[in-house]
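Colleague: Input file: structure_15.cif. Contents: mmCIF, C-alpha atoms.
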```cif
data_entry
loop_
_atom_site.label_atom_id
_atom_site.label_comp_id
_atom_site.auth_asym_id
_atom_site.auth_seq_id
_atom_site.Cartn_x
_atom_site.Cartn_y
_atom_site.Cartn_z
CA MET A 1 -28.31 -27.08 -54.43
CA LYS A 2 -27.09 -29.62 -56.93
CA ALA A 3 -25.41 -32.88 -56.01
CA GLY A 4 -21.64 -32.63 -56.18
CA TRP A 5 -21.45 -29.00 -55.09
CA GLN A 6 -19.16 -28.40 -52.17
CA VAL A 7 -20.27 -26.27 -49.25
CA LYS A 8 -17.73 -24.11 -47.45
CA SER A 9 -17.81 -21.50 -44.74
CA LEU A 10 -17.64 -17.92 -45.96
CA GLY A 11 -14.57 -17.27 -43.82
CA GLU A 12 -12.79 -20.20 -45.47
CA VAL A 13 -13.15 -18.79 -49.00
CA CYS A 14 -13.37 -15.01 -48.47
CA HIS A 15 -11.58 -12.14 -46.80
CA LEU A 16 -13.90 -10.21 -44.46
CA ILE A 17 -12.76 -6.72 -43.56
CA GLY A 18 -14.43 -4.30 -41.17
CA GLY A 19 -14.49 -0.55 -41.17
CA GLY A 20 -14.62 2.43 -38.87
CA THR A 21 -15.58 6.06 -38.56
CA PRO A 22 -12.95 8.80 -38.47
CA SER A 23 -13.50 11.28 -35.64
CA LYS A 24 -16.33 13.69 -36.43
CA ASP A 25 -14.52 16.21 -34.20
CA ASN A 26 -11.93 16.70 -36.94
CA ALA A 27 -13.85 18.28 -39.84
CA ASP A 28 -10.68 18.17 -41.96
CA PHE A 29 -11.00 14.37 -42.11
CA TYR A 30 -14.11 14.82 -44.27
CA THR A 31 -12.55 17.10 -46.91
CA GLY A 32 -10.74 14.43 -48.92
CA ASN A 33 -11.49 12.55 -52.12
CA ILE A 34 -11.54 8.96 -50.80
CA PRO A 35 -15.09 7.54 -50.92
CA TRP A 36 -16.32 6.48 -47.45
CA ALA A 37 -19.45 4.33 -47.45
CA THR A 38 -22.15 4.02 -44.83
CA VAL A 39 -25.43 2.15 -45.02
CA ARG A 40 -27.02 5.36 -46.39
CA ASP A 41 -24.97 4.83 -49.57
CA MET A 42 -26.47 1.35 -50.09
CA ARG A 43 -29.41 2.50 -52.23
CA SER A 44 -28.81 0.24 -55.22
CA ASP A 45 -26.92 -2.94 -56.08
CA VAL A 46 -23.77 -1.00 -56.98
CA ILE A 47 -22.35 1.89 -54.99
CA THR A 48 -21.10 4.41 -57.54
CA ASP A 49 -20.69 7.36 -55.17
CA THR A 50 -20.74 8.05 -51.45
CA GLU A 51 -22.25 10.86 -49.43
CA HIS A 52 -18.96 11.46 -47.62
CA LYS A 53 -15.34 11.57 -48.78
CA ILE A 54 -12.42 11.34 -46.37
CA THR A 55 -8.71 12.06 -46.34
CA GLU A 56 -5.69 9.79 -46.06
CA ALA A 57 -5.16 11.20 -42.55
CA ALA A 58 -8.69 10.07 -41.62
CA ILE A 59 -7.85 6.54 -42.68
CA LYS A 60 -4.61 6.51 -40.71
CA SER A 61 -6.29 7.82 -37.55
CA SER A 62 -9.26 5.44 -37.53
CA SER A 63 -10.14 1.79 -37.95
CA THR A 64 -11.66 2.28 -41.40
CA ASN A 65 -10.27 0.20 -44.23
CA ILE A 66 -10.31 0.65 -47.98
CA ILE A 67 -12.18 -2.14 -49.68
CA PRO A 68 -11.07 -2.90 -53.27
CA SER A 69 -13.28 -2.03 -56.22
CA GLY A 70 -15.46 -4.94 -57.32
CA SER A 71 -15.83 -6.27 -53.77
CA VAL A 72 -19.08 -6.96 -51.99
CA ILE A 73 -20.08 -5.07 -48.88
CA ILE A 74 -22.79 -6.08 -46.44
CA ALA A 75 -24.40 -4.25 -43.56
CA THR A 76 -23.83 -6.15 -40.32
CA ARG A 77 -25.43 -3.57 -37.98
CA VAL A 78 -27.50 -0.58 -39.11
CA GLY A 79 -29.35 -1.64 -42.28
CA LEU A 80 -28.68 -5.26 -41.42
CA GLY A 81 -28.77 -7.55 -44.45
CA LYS A 82 -28.20 -4.96 -47.19
CA VAL A 83 -25.75 -6.13 -49.85
CA CYS A 84 -23.96 -4.06 -52.53
CA LEU A 85 -21.02 -4.14 -54.90
CA LEU A 86 -18.37 -1.41 -55.03
CA ASN A 87 -17.37 0.13 -58.34
CA GLN A 88 -14.35 1.91 -56.86
CA ASP A 89 -11.94 1.48 -53.97
CA THR A 90 -13.98 2.66 -50.96
CA ALA A 91 -13.43 3.06 -47.23
CA ILE A 92 -16.28 1.76 -45.06
CA ASN A 93 -17.71 2.51 -41.64
CA GLN A 94 -18.08 0.10 -38.73
CA ASP A 95 -21.59 -1.02 -39.73
CA LEU A 96 -20.27 -2.62 -42.93
CA ARG A 97 -18.01 -5.53 -43.87
CA GLY A 98 -16.07 -5.79 -47.10
CA ILE A 99 -16.09 -9.32 -48.52
CA PHE A 100 -14.03 -10.60 -51.43
CA PRO A 101 -12.84 -14.03 -52.59
CA LYS A 102 -9.46 -15.29 -51.45
CA ASP A 103 -9.10 -16.94 -54.87
CA LYS A 104 -11.02 -15.37 -57.78
CA THR A 105 -10.20 -18.37 -59.96
CA LYS A 106 -12.41 -20.47 -57.68
CA LEU A 107 -15.12 -18.01 -56.54
CA SER A 108 -16.82 -15.37 -58.65
CA THR A 109 -17.46 -12.08 -56.85
CA ARG A 110 -20.81 -11.72 -58.63
CA PHE A 111 -21.78 -15.24 -57.51
CA LEU A 112 -20.83 -14.20 -53.97
CA PHE A 113 -22.95 -11.04 -54.34
CA TRP A 114 -26.05 -12.92 -55.54
CA TRP A 115 -25.61 -15.59 -52.88
CA LEU A 116 -25.33 -12.99 -50.09
CA LYS A 117 -28.49 -11.30 -51.40
CA SER A 118 -30.24 -14.68 -51.29
CA VAL A 119 -29.34 -15.22 -47.62
CA SER A 120 -29.97 -11.67 -46.41
CA ASP A 121 -33.12 -12.84 -44.59
CA VAL A 122 -30.98 -15.37 -42.67
CA ILE A 123 -28.59 -12.57 -41.70
CA VAL A 124 -31.46 -10.33 -40.59
CA ALA A 125 -33.07 -13.15 -38.58
CA GLU A 126 -29.80 -13.67 -36.68
CA GLY A 127 -29.62 -10.00 -35.65
CA THR A 128 -29.49 -9.23 -31.95
CA GLY A 129 -29.46 -6.03 -29.96
CA ALA A 130 -31.94 -3.89 -28.08
CA THR A 131 -31.78 -0.71 -30.17
CA VAL A 132 -29.59 -1.61 -33.14
CA GLN A 133 -29.77 -5.11 -34.60
CA GLY A 134 -26.46 -6.63 -35.60
CA VAL A 135 -24.60 -9.86 -36.30
CA THR A 136 -21.13 -10.90 -35.20
CA LEU A 137 -18.13 -11.47 -37.42
CA PRO A 138 -17.91 -15.15 -36.35
CA PHE A 139 -21.53 -15.62 -37.49
CA VAL A 140 -20.84 -14.07 -40.91
CA LYS A 141 -17.68 -16.14 -41.33
CA SER A 142 -19.62 -19.30 -40.46
CA LEU A 143 -22.27 -18.84 -43.17
CA GLN A 144 -22.25 -21.87 -45.45
CA ILE A 145 -21.87 -20.96 -49.13
CA PRO A 146 -22.51 -23.46 -51.93
CA PHE A 147 -19.33 -23.80 -53.94
CA PRO A 148 -19.92 -25.09 -57.48
CA GLN A 149 -17.15 -25.00 -60.05
CA LEU A 150 -16.42 -21.54 -61.49
CA PRO A 151 -18.10 -22.19 -64.89
CA GLU A 152 -21.30 -23.17 -63.07
CA GLN A 153 -21.07 -20.04 -60.91
CA GLN A 154 -20.70 -17.93 -64.06
CA ARG A 155 -23.71 -19.64 -65.65
CA ILE A 156 -25.84 -18.93 -62.58
CA VAL A 157 -24.70 -15.30 -62.47
CA ALA A 158 -25.55 -14.82 -66.16
CA ILE A 159 -29.09 -16.14 -65.56
CA LEU A 160 -29.60 -13.92 -62.51
CA ASP A 161 -28.13 -10.83 -64.17
CA GLU A 162 -30.43 -11.28 -67.17
CA ALA A 163 -33.49 -11.91 -65.00
CA PHE A 164 -32.94 -8.84 -62.85
CA GLU A 165 -32.16 -6.65 -65.89
CA THR A 166 -35.50 -7.77 -67.34
CA ILE A 167 -37.27 -6.97 -64.07
CA ALA A 168 -35.65 -3.52 -63.94
CA ALA A 169 -36.71 -2.83 -67.53
CA ALA A 170 -40.27 -3.96 -66.76
CA ARG A 171 -40.40 -1.68 -63.70
CA ALA A 172 -39.11 1.27 -65.72
CA ASN A 173 -41.68 0.54 -68.43
CA ALA A 174 -44.50 0.29 -65.87
CA GLU A 175 -43.44 3.58 -64.29
CA GLN A 176 -43.39 5.28 -67.69
CA ASN A 177 -46.84 3.86 -68.46
CA ARG A 178 -48.11 5.16 -65.10
CA GLN A 179 -46.74 8.63 -65.83
CA ASN A 180 -48.24 8.59 -69.32
CA ALA A 181 -51.62 7.54 -67.92
CA ARG A 182 -51.49 10.29 -65.28
CA ALA A 183 -50.63 12.91 -67.93
CA LEU A 184 -53.42 11.66 -70.17
CA PHE A 185 -55.92 11.63 -67.30
CA GLU A 186 -54.93 15.20 -66.27
CA SER A 187 -55.28 16.47 -69.84
#
```
Using the file provided, produce a representation of the structure as structure tokens.
Modeller:
Amino acid sequence: MKAGWQVKSLGEVCHLIGGGTPSKDNADFYTGNIPWATVRDMRSDVITDTEHKITEAAIKSSSTNIIPSGSVIIATRVGLGKVCLLNQDTAINQDLRGIFPKDKTKLSTRFLFWWLKSVSDVIVAEGTGATVQGVTLPFVKSLQIPFPQLPEQQRIVAILDEAFETIAAARANAEQNRQNARALFES
């Protein structure tokens, strides 16, 4: 962390919203078109679709909340430490928390995303529970986030985005080379 950067608690600079599960006894709740995310949907950095869709009635009858598109979600119970971005407004279950900046002119959501990914091991290490590991909301709110000026956040995000795009391209290239080698070997 550079000199001059402020450090703030996550709860000071972000909204943290929990979720819930509509009753499974009412099958009609799961016939809607509202995406409803669980940890099973957290397979990549961006959630583009969810396994389940729910109705407006399901939202009204449960503690789930709709998290705005572009927000970060983290797993605070099952799948502890997983971090994703949402590309559409999405309801979430109780194992997840939606996190988004209180002031987007001071905190970049992508900076928040990359920072949360960088501290996922801290979140996992804090997990407690006999059968399902989890962390409390006060713990998540107390996490200390470095808070450089927005242009510096954007510079950091650009570097990380480029680096991880390069890594993804290298992985795809290596996989293609492996498939080509296998096909050549088999022929």
Colleague: Do a neighbour search on Phe29 in chain A at 9 Å with only C-alpha atoms, toss out local chain neighbours closer than 2 positions, and write the hits as a PyMOL selection string.
Modeller: chain A and resi 22-27+31-32+53-59
Colleague: Would you translate the PyMOL selection byres ((chain A and resi 146) around 10) into the concrete set of residues it matches in this file, as a PyMOL selection string?
Modeller: chain A and resi 1-2+5-10+111-112+115+143-145+147-149+153
Colleague: Given the file shown, determine the residues that the PyMOL selection byres ((chain A and resi 92) around 12) selects; report them as a ChimeraX atom specification.
Modeller: /A:17-22,34-42,47,50-54,58-59,62-68,71-76,86,88-91,93-99
Colleague: Considering all atoms listed in the file, return as a PyMOL selection string whatever protein or nucleic-acid residues lie within 10 Å of Asp45 in chain A, sequence-local ones (same chain, fewer than 5 positions apart) excluded.
Modeller: chain A and resi 72+82-86+113+117
Colleague: Could you state which residues are captured by the PyMOL selection byres ((chain A and resi 11) around 8) in this file, as a list of chain:residue names?
Modeller: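 In the shown coordinates, the PyMOL selection byres ((chain A and resi 11) around 8) covers A:Ser9, A:Leu10, A:Glu12, A:Val13, A:Cys14, A:His15, A:Leu16, A:Val140, A:Lys141, A:Ser142, A:Leu143.
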Colleague: Interatomic distance between CA of Phe164 in chain A and CA of Thr105 in chain A?
Modeller: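 That distance, rounded to one decimal, is 24.8 Å.
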Colleague: Measure the distance from CA of Gly134 in chain A to CA of Asp49 in chain A in Å and round it to one decimal.
Modeller: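 Between CA of Gly134 in chain A and CA of Asp49 in chain A the gap is 24.7 Å.
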Colleague: Using only C-alpha atoms, determine which residues lie at most 6 Å from Asn87 in chain A, disregarding the query and same-chain residues fewer than 6 positions distant; provide the list as a list in words.
Modeller: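 Close residues of Asn87 in chain A: Thr48, Ser69 and Gly70 of chain A.
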Colleague: What does the distance between CA of Thr131 in chain A and CA of Arg77 in chain A come to in Å, to one decimal place?
Modeller: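 One can read the CA of Thr131 in chain A to CA of Arg77 in chain A distance as 10.5 Å.
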Colleague: Compare A:Asn177, A:Glu165, A:Val78, A:Leu184 by their minimum atom-to-atom distance to Gly129 in chain A, counting all atoms listed in the file, and give me the closest one.
Modeller: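 So, comparing all the options, the nearest one is A:Val78.
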Colleague: Starting from 5 Å padding per side, set up an axis-aligned box that covers all listed atoms of range 36-52 of chain A and hand over centre and edge lengths in Å, one decimal, as JSON.
Modeller:
```
{"center_x": -22.9, "center_y": 4.3, "center_z": -51.2, "size_x": 23.1, "size_y": 24.4, "size_z": 22.7}
```
